[in-house]
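Before any comments, here is the structure.
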Amino acid sequence: MTDTVLVINSGSSSIKYQLVDPAAGTALASGLVERIGEPAGRVVHKQGAQTTERETAVADHGEGLRIVTSLFDEVGPSLAEANVVAVGHRVVMGGRYYDGPVRVDEDVLATIERLSPLAPLHNPANLTGIRVARELFPDVPHVAVFDTAFFRNLPDDAATYALDREVAEQYSVRRYGAHGTSHQYVSTRAAEILGRDLAELRTVVLHLGNGASASAVKGGHAVDTSMGLTPLEGLVMGTRTGDIDPAVVFHLARNAGMSIDEIDDLFNKRSGLKGLTGVNDLRELHDLVAAGDSAARVGLDVYTHRLRKYIGAYAAVMGGLDVLAFTAGVGENDDVVRADAVRGLEFLGVQIDPELNAGRMKEAKVISPAGARVAVLVVPTNEELAIARQALAQL
Ligand code: ADP
């Protein structure tokens, strides 16, 4: 019987899960528990074409996972018969501790907890998910897969902020990155698709979802990435500023009388495309642009300007560029953004073929013209599959 891995991504009020067949690269079932701890919760379980929904209050993560296991029993596939050999957990912050997946034990739990100040919204929620899953599935190994692991060994020049060294050291201020599982998966897949040796490639990955990040991957190793101490730095995102002069914080605190918490909320939730244009979904943004909305036009231009800037910067960091890969919701689906992101980059050898680029991509595809110096691809990301494979490799 084929081995399967249950992948769990636990948020503060949600649990996403997927039962994965790592060898086949397929999901046997997937689902989502939403609004945990609220009066009206919801569980959606999908198996093949069949979707089962439950509207019910979910008191806590433990109850959420119990509902999920009962849905597996009732709707299938049966977890008892699925030969689950491991549970893989997505964990956001692994700090300086982990450069790969690790089997969960008490020490690992304590470390994830200790790192919570660096990811206050995520690590405590990830920890809760691991704890309840270990109680429900006590007989299989649990493996933590960190969003930061791929960037753990960034060169010091890319990872170090030009901040007073003692302060940086004492408060663990450095570039940790995020979306690492996706950047690793996509850069590796791109080389496979091209039939080229990863060790010889200089790749830029643009992971463009609601959160967005860029990475520079040289010879299979990450050498730079746009997210920093937190996922706020770098590209323009759905609701986050990305790069901004830190003095904007001082300016707003002194002149607008805003508190640190208010500025945190402004930068993380009310900025980016949403702050510039009123919408954070690219589909709605294109509608506004088409209707002649000038703020939407500027917003889209700011978004793609930042992309071009990072592609150029990372080509410089790596001493050249061989592969450019687009992924995640925007990267896979938005041909306008892809075309605009490479506009004017012919000098780097970056070109895309408008016909190959047209439309949404469900499968990986090369979109640069034959013979182009840089291979440009769309590679759908699959973090659950990557987590499942890493968990399995850890056994
Ligand atoms: P995350 O995982 O960060 O929440 P996703 O990778 O799922 O985000 O990406 C979600 C975003 O993808 C949406 O906010 C939207 O901007 C974009 N998106 C999804 N479908 C399309 C589409 N057909 N065309 C353009 N953009 C799309």
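By convention in this document, the chains of the structure tokens carry letters A, B, ... by their order, each chain's residues are numbered from 1, and ligands are numbered from 1 in the order they are shown.
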
Per-residue nearest contacts of chain A to ligand 1 (10 Å; only C-alpha atoms and all ligand atoms) as CSV:
residue,atom,partner,partner_atom_place_in_ligand_line,distance
A:His179,CA,ligand 1,3 (O),9.4
A:His207,CA,ligand 1,6 (O),7.8
A:Leu208,CA,ligand 1,6 (O),6.4
A:Gly209,CA,ligand 1,6 (O),3.5
A:Asn210,CA,ligand 1,3 (O),3.7
A:Gly211,CA,ligand 1,3 (O),4.4
A:Ala212,CA,ligand 1,3 (O),6.9
A:Ser213,CA,ligand 1,3 (O),9.9
A:Met237,CA,ligand 1,3 (O),8.9
A:Gly238,CA,ligand 1,14 (O),6.5
A:Thr239,CA,ligand 1,14 (O),9.7
A:Leu273,CA,ligand 1,16 (O),9.4
A:Val279,CA,ligand 1,16 (O),9.1
A:Asn280,CA,ligand 1,14 (O),6.0
A:Asp281,CA,ligand 1,16 (O),3.5
A:Leu282,CA,ligand 1,16 (O),3.9
A:Arg283,CA,ligand 1,25 (C),4.7
A:Glu284,CA,ligand 1,16 (O),8.0
A:Leu285,CA,ligand 1,16 (O),8.3
A:His286,CA,ligand 1,25 (C),8.3
A:Thr327,CA,ligand 1,6 (O),7.8
A:Ala328,CA,ligand 1,6 (O),4.0
A:Gly329,CA,ligand 1,9 (O),3.3
A:Val330,CA,ligand 1,17 (C),4.2
A:Gly331,CA,ligand 1,12 (O),7.6
A:Glu332,CA,ligand 1,21 (C),7.8
A:Asn333,CA,ligand 1,22 (C),4.6
A:Asp334,CA,ligand 1,25 (C),4.2
A:Asp335,CA,ligand 1,25 (C),7.8
A:Val336,CA,ligand 1,25 (C),8.4
A:Val337,CA,ligand 1,25 (C),8.3
A:Gly359,CA,ligand 1,23 (N),8.4
A:Arg360,CA,ligand 1,23 (N),6.4
A:Met361,CA,ligand 1,23 (N),9.4
A:Pro380,CA,ligand 1,6 (O),9.6
A:Thr381,CA,ligand 1,6 (O),8.6
A:Glu383,CA,ligand 1,2 (O),10.0

Deliver the residues from the most recent selection as a file, using N, CA and C atoms, as a compact mmCIF listing (two decimals), in the first residue's frame.
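Once written, again.txt looks like this:
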# COMPACT_ATOMS: atom_id res chain seq x y z
N HIS A 179 8.00 31.89 3.03
CA HIS A 179 7.63 31.18 1.79
C HIS A 179 8.74 30.25 1.32
N HIS A 207 7.29 34.58 -5.94
CA HIS A 207 6.10 33.96 -5.34
C HIS A 207 5.10 35.10 -5.10
N LEU A 208 4.11 35.19 -5.98
CA LEU A 208 3.18 36.33 -5.93
C LEU A 208 1.78 35.85 -5.56
N GLY A 209 1.49 35.85 -4.27
CA GLY A 209 0.14 35.54 -3.81
C GLY A 209 -0.41 36.79 -3.15
N ASN A 210 -1.23 36.61 -2.13
CA ASN A 210 -1.63 37.77 -1.36
C ASN A 210 -0.41 38.33 -0.63
N GLY A 211 0.35 37.41 0.00
CA GLY A 211 1.70 37.74 0.43
C GLY A 211 2.60 37.49 -0.77
N ALA A 212 3.69 38.23 -0.89
CA ALA A 212 4.53 38.05 -2.08
C ALA A 212 6.00 38.17 -1.70
N SER A 213 6.83 37.34 -2.32
CA SER A 213 8.26 37.42 -2.03
C SER A 213 9.06 36.98 -3.24
N MET A 237 2.52 43.97 -1.64
CA MET A 237 1.64 42.81 -1.47
C MET A 237 0.19 43.23 -1.48
N GLY A 238 -0.70 42.25 -1.25
CA GLY A 238 -2.13 42.56 -1.25
C GLY A 238 -2.47 43.68 -0.29
N THR A 239 -1.99 43.54 0.96
CA THR A 239 -2.30 44.57 1.96
C THR A 239 -1.06 45.10 2.68
N LEU A 273 -1.49 46.93 -2.28
CA LEU A 273 -2.47 47.23 -3.32
C LEU A 273 -3.78 47.75 -2.72
N VAL A 279 -8.53 47.80 -3.46
CA VAL A 279 -8.73 46.35 -3.62
C VAL A 279 -7.38 45.62 -3.54
N ASN A 280 -7.40 44.39 -3.03
CA ASN A 280 -6.13 43.66 -2.97
C ASN A 280 -6.09 42.49 -3.94
N ASP A 281 -7.21 42.24 -4.63
CA ASP A 281 -7.24 41.13 -5.58
C ASP A 281 -6.93 41.67 -6.98
N LEU A 282 -5.95 41.05 -7.64
CA LEU A 282 -5.52 41.54 -8.96
C LEU A 282 -6.65 41.55 -9.99
N ARG A 283 -7.58 40.59 -9.86
CA ARG A 283 -8.70 40.55 -10.81
C ARG A 283 -9.54 41.83 -10.72
N GLU A 284 -9.82 42.22 -9.47
CA GLU A 284 -10.60 43.46 -9.28
C GLU A 284 -9.78 44.68 -9.71
N LEU A 285 -8.48 44.61 -9.45
CA LEU A 285 -7.62 45.73 -9.82
C LEU A 285 -7.63 45.96 -11.34
N HIS A 286 -7.54 44.87 -12.11
CA HIS A 286 -7.57 45.02 -13.57
C HIS A 286 -8.91 45.62 -14.04
N THR A 327 5.22 32.11 -9.60
CA THR A 327 4.34 31.16 -8.95
C THR A 327 3.34 31.85 -8.03
N ALA A 328 2.42 31.04 -7.47
CA ALA A 328 1.34 31.45 -6.55
C ALA A 328 0.21 32.16 -7.32
N GLY A 329 -0.85 32.53 -6.57
CA GLY A 329 -2.10 33.00 -7.19
C GLY A 329 -1.93 34.01 -8.32
N VAL A 330 -1.13 35.04 -8.10
CA VAL A 330 -0.92 36.06 -9.13
C VAL A 330 0.05 35.55 -10.19
N GLY A 331 1.15 34.98 -9.74
CA GLY A 331 2.19 34.52 -10.67
C GLY A 331 1.69 33.46 -11.64
N GLU A 332 0.78 32.60 -11.16
CA GLU A 332 0.27 31.52 -12.02
C GLU A 332 -0.85 31.98 -12.94
N ASN A 333 -1.58 33.01 -12.52
CA ASN A 333 -2.83 33.34 -13.22
C ASN A 333 -2.85 34.66 -13.97
N ASP A 334 -1.91 35.55 -13.66
CA ASP A 334 -2.04 36.90 -14.18
C ASP A 334 -1.01 37.20 -15.27
N ASP A 335 -1.44 37.06 -16.53
CA ASP A 335 -0.50 37.27 -17.63
C ASP A 335 -0.10 38.74 -17.79
N VAL A 336 -0.97 39.65 -17.35
CA VAL A 336 -0.63 41.08 -17.46
C VAL A 336 0.52 41.42 -16.51
N VAL A 337 0.43 40.92 -15.28
CA VAL A 337 1.50 41.17 -14.31
C VAL A 337 2.81 40.53 -14.80
N GLY A 359 -2.95 33.80 -20.59
CA GLY A 359 -3.91 33.00 -19.82
C GLY A 359 -3.39 32.48 -18.51
N ARG A 360 -4.25 31.71 -17.84
CA ARG A 360 -3.92 31.13 -16.54
C ARG A 360 -3.22 29.79 -16.75
N MET A 361 -2.35 29.42 -15.82
CA MET A 361 -1.58 28.17 -15.98
C MET A 361 -1.91 27.22 -14.84
N PRO A 380 3.40 26.22 -11.07
CA PRO A 380 2.45 26.21 -9.95
C PRO A 380 3.11 25.66 -8.70
N THR A 381 2.97 26.38 -7.60
CA THR A 381 3.60 25.92 -6.37
C THR A 381 2.74 24.85 -5.72
N GLU A 383 2.94 23.70 -1.85
CA GLU A 383 3.63 23.64 -0.56
C GLU A 383 3.25 22.37 0.21

| task | Could you tell me, as a count of residues only, which residues of stretch 159-333 of chain A DSSP assigns to strand (DSSP E or B) when given the backbone? | result | 24

| request: Would you list the contacts of A:Arg202 as a PyMOL selection string, taking every protein, DNA or RNA residue within 6 Å and counting only C-alpha atoms, but skipping same-chain residues closer than 5 positions in sequence? | output: chain A and resi 217-218+321-322

Output all heavy atoms for every residue in the selection just made, as a JSON list (two decimals), in the first residue's frame.
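Done, and the output landed in part01.json:
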[["chain", "number", "residue", "atom", "x", "y", "z"],
["A", 217, "VAL", "N", 18.26, 32.22, -6.13],
["A", 217, "VAL", "CA", 18.71, 30.86, -5.82],
["A", 217, "VAL", "C", 19.86, 30.51, -6.76],
["A", 217, "VAL", "O", 19.68, 30.44, -7.97],
["A", 217, "VAL", "CB", 17.56, 29.84, -5.98],
["A", 217, "VAL", "CG1", 18.03, 28.44, -5.61],
["A", 217, "VAL", "CG2", 16.35, 30.24, -5.14],
["A", 218, "LYS", "N", 21.04, 30.33, -6.19],
["A", 218, "LYS", "CA", 22.22, 30.07, -7.01],
["A", 218, "LYS", "C", 22.71, 28.64, -6.72],
["A", 218, "LYS", "O", 23.00, 28.32, -5.56],
["A", 218, "LYS", "CB", 23.31, 31.08, -6.66],
["A", 218, "LYS", "CG", 24.47, 31.09, -7.61],
["A", 218, "LYS", "CD", 25.43, 32.24, -7.27],
["A", 218, "LYS", "CE", 26.52, 32.33, -8.31],
["A", 218, "LYS", "NZ", 27.48, 33.40, -7.99],
["A", 321, "LEU", "N", 21.69, 35.78, -14.71],
["A", 321, "LEU", "CA", 20.39, 35.15, -14.52],
["A", 321, "LEU", "C", 20.17, 34.09, -15.61],
["A", 321, "LEU", "O", 20.44, 34.35, -16.77],
["A", 321, "LEU", "CB", 19.30, 36.24, -14.60],
["A", 321, "LEU", "CG", 17.86, 35.83, -14.34],
["A", 321, "LEU", "CD1", 17.69, 35.34, -12.91],
["A", 321, "LEU", "CD2", 16.93, 37.01, -14.60],
["A", 322, "ASP", "N", 19.73, 32.91, -15.20],
["A", 322, "ASP", "CA", 19.43, 31.85, -16.17],
["A", 322, "ASP", "C", 17.94, 31.53, -16.22],
["A", 322, "ASP", "O", 17.42, 31.17, -17.27],
["A", 322, "ASP", "CB", 20.18, 30.56, -15.79],
["A", 322, "ASP", "CG", 21.67, 30.79, -15.68],
["A", 322, "ASP", "OD1", 22.28, 31.18, -16.70],
["A", 322, "ASP", "OD2", 22.22, 30.61, -14.57]]

| said: Restricting the calculation to only C-alpha atoms: of A:Val289, A:Leu348, A:Val205, A:Ile260, which residue gets closest to A:Leu377? | reply: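 Using only C-alpha atoms, A:Leu377 sits closest to A:Val205.
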
| message | Nearest residue to A:Ala296 out of A:Ile112, A:Val87, A:Ile387, A:Leu276, using only C-alpha atoms? | response | A:Leu276

| task | Just the helix (DSSP H, G or I) stuff from stretch 132-280 of chain A, please, per backbone DSSP, written as a VMD selection string. | result | chain A and resid 132 to 136 149 to 151 156 to 159 165 to 170 180 to 194 198 to 200 247 to 255 260 to 269 272 to 277

Give me the residues of stretch 95-208 of chain A that have any atom at most 12 Å from an atom of stretch 13-24 of chain A; for each, the nearest atom pair and the distance in Å, rounded to one decimal. Use only C-alpha atoms, sort by chain and number, and format it as JSON lines.
{"residue": "A:Leu121", "atom": "CA", "partner": "A:Ser13", "partner_atom": "CA", "distance": 10.5}
{"residue": "A:His122", "atom": "CA", "partner": "A:Ser13", "partner_atom": "CA", "distance": 10.5}
{"residue": "A:Pro124", "atom": "CA", "partner": "A:Ser13", "partner_atom": "CA", "distance": 11.3}
{"residue": "A:Ala125", "atom": "CA", "partner": "A:Ser13", "partner_atom": "CA", "distance": 8.0}
{"residue": "A:Asn126", "atom": "CA", "partner": "A:Ile15", "partner_atom": "CA", "distance": 9.3}
{"residue": "A:Leu127", "atom": "CA", "partner": "A:Ile15", "partner_atom": "CA", "distance": 11.9}
{"residue": "A:Thr128", "atom": "CA", "partner": "A:Ile15", "partner_atom": "CA", "distance": 10.3}
{"residue": "A:Gly129", "atom": "CA", "partner": "A:Ile15", "partner_atom": "CA", "distance": 7.6}
{"residue": "A:Ile130", "atom": "CA", "partner": "A:Ile15", "partner_atom": "CA", "distance": 10.9}
{"residue": "A:Val132", "atom": "CA", "partner": "A:Ile15", "partner_atom": "CA", "distance": 11.3}
{"residue": "A:Ala133", "atom": "CA", "partner": "A:Ile15", "partner_atom": "CA", "distance": 10.9}

| message | Please list as a count of residues only every residue within 6 Å of stretch 52-54 of chain A, counting only C-alpha atoms and excluding residues in the same chain fewer than 2 positions away. | response | 5

| field | Residue contacts of A:Ala86 (12 Å, only C-alpha atoms) excluding same-chain residues fewer than 4 positions away, as a PyMOL selection string | value | chain A and resi 3-8+19-22+79+82+102-104+133-134+137-144+387-395

Report as a tab-separated table: every residue of stretch 297-323 of chain A with an atom at most 12 Å from stretch 225-228 of chain A, its closest pair of atoms, and their distance in Å to one decimal, counting only C-alpha atoms, with rows sorted by chain and ascending residue number.
residue	atom	partner	partner_atom	distance
A:Arg306	CA	A:Ser226	CA	10.8
A:Leu307	CA	A:Ser226	CA	10.6
A:Lys309	CA	A:Ser226	CA	11.3
A:Tyr310	CA	A:Ser226	CA	8.1
A:Ile311	CA	A:Ser226	CA	10.8
A:Ala313	CA	A:Ser226	CA	10.6
A:Tyr314	CA	A:Thr225	CA	8.8
A:Val317	CA	A:Thr225	CA	10.8

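When the distance limit is 7 Å and only C-alpha atoms are what count, the residues near A:Asn268, minus those fewer than 2 positions from it on the same chain, are A:Leu232, A:Thr239, A:Arg240, A:Thr241, A:Asp264, A:Asp265, A:Leu266, A:Arg270, A:Ser271.
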
Output N, CA and C atoms of each residue in that selection to a file, as a PDB file, in the first residue's frame.
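Printed below is again-v7.pdb as written:
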ATOM      1  N   LEU A 232       6.924  41.355   6.153  1.00  0.00           N
ATOM      2  CA  LEU A 232       6.464  42.687   5.745  1.00  0.00           C
ATOM      3  C   LEU A 232       7.370  43.314   4.692  1.00  0.00           C
ATOM      4  N   THR A 239      -1.985  43.536   0.959  1.00  0.00           N
ATOM      5  CA  THR A 239      -2.304  44.567   1.964  1.00  0.00           C
ATOM      6  C   THR A 239      -1.063  45.097   2.683  1.00  0.00           C
ATOM      7  N   ARG A 240       0.136  44.573   2.342  1.00  0.00           N
ATOM      8  CA  ARG A 240       1.368  44.999   3.039  1.00  0.00           C
ATOM      9  C   ARG A 240       2.207  45.922   2.173  1.00  0.00           C
ATOM     10  N   THR A 241       2.905  46.824   2.854  1.00  0.00           N
ATOM     11  CA  THR A 241       3.712  47.830   2.156  1.00  0.00           C
ATOM     12  C   THR A 241       4.858  47.232   1.354  1.00  0.00           C
ATOM     13  N   ASP A 264       1.618  49.294  12.851  1.00  0.00           N
ATOM     14  CA  ASP A 264       1.733  47.862  12.501  1.00  0.00           C
ATOM     15  C   ASP A 264       0.519  47.445  11.670  1.00  0.00           C
ATOM     16  N   ASP A 265      -0.661  47.810  12.155  1.00  0.00           N
ATOM     17  CA  ASP A 265      -1.909  47.483  11.456  1.00  0.00           C
ATOM     18  C   ASP A 265      -1.965  48.153  10.080  1.00  0.00           C
ATOM     19  N   LEU A 266      -1.554  49.428  10.031  1.00  0.00           N
ATOM     20  CA  LEU A 266      -1.548  50.176   8.770  1.00  0.00           C
ATOM     21  C   LEU A 266      -0.636  49.507   7.741  1.00  0.00           C
ATOM     22  N   ARG A 270      -3.533  47.529   5.847  1.00  0.00           N
ATOM     23  CA  ARG A 270      -4.241  48.592   5.122  1.00  0.00           C
ATOM     24  C   ARG A 270      -3.359  49.251   4.072  1.00  0.00           C
ATOM     25  N   SER A 271      -2.306  48.579   3.665  1.00  0.00           N
ATOM     26  CA  SER A 271      -1.387  49.176   2.696  1.00  0.00           C
ATOM     27  C   SER A 271      -1.309  48.296   1.452  1.00  0.00           C
TER      28      SER A 271
END

| A:Tyr185 surroundings by only C-alpha atoms, 7 Å radius, close-in-sequence under 4 positions cut, as a PyMOL selection string | chain A and resi 181+189+386

| remark: atom CA of A:Glu74 sits from atom CA of A:Arg90 at a separation of 26.1 Å
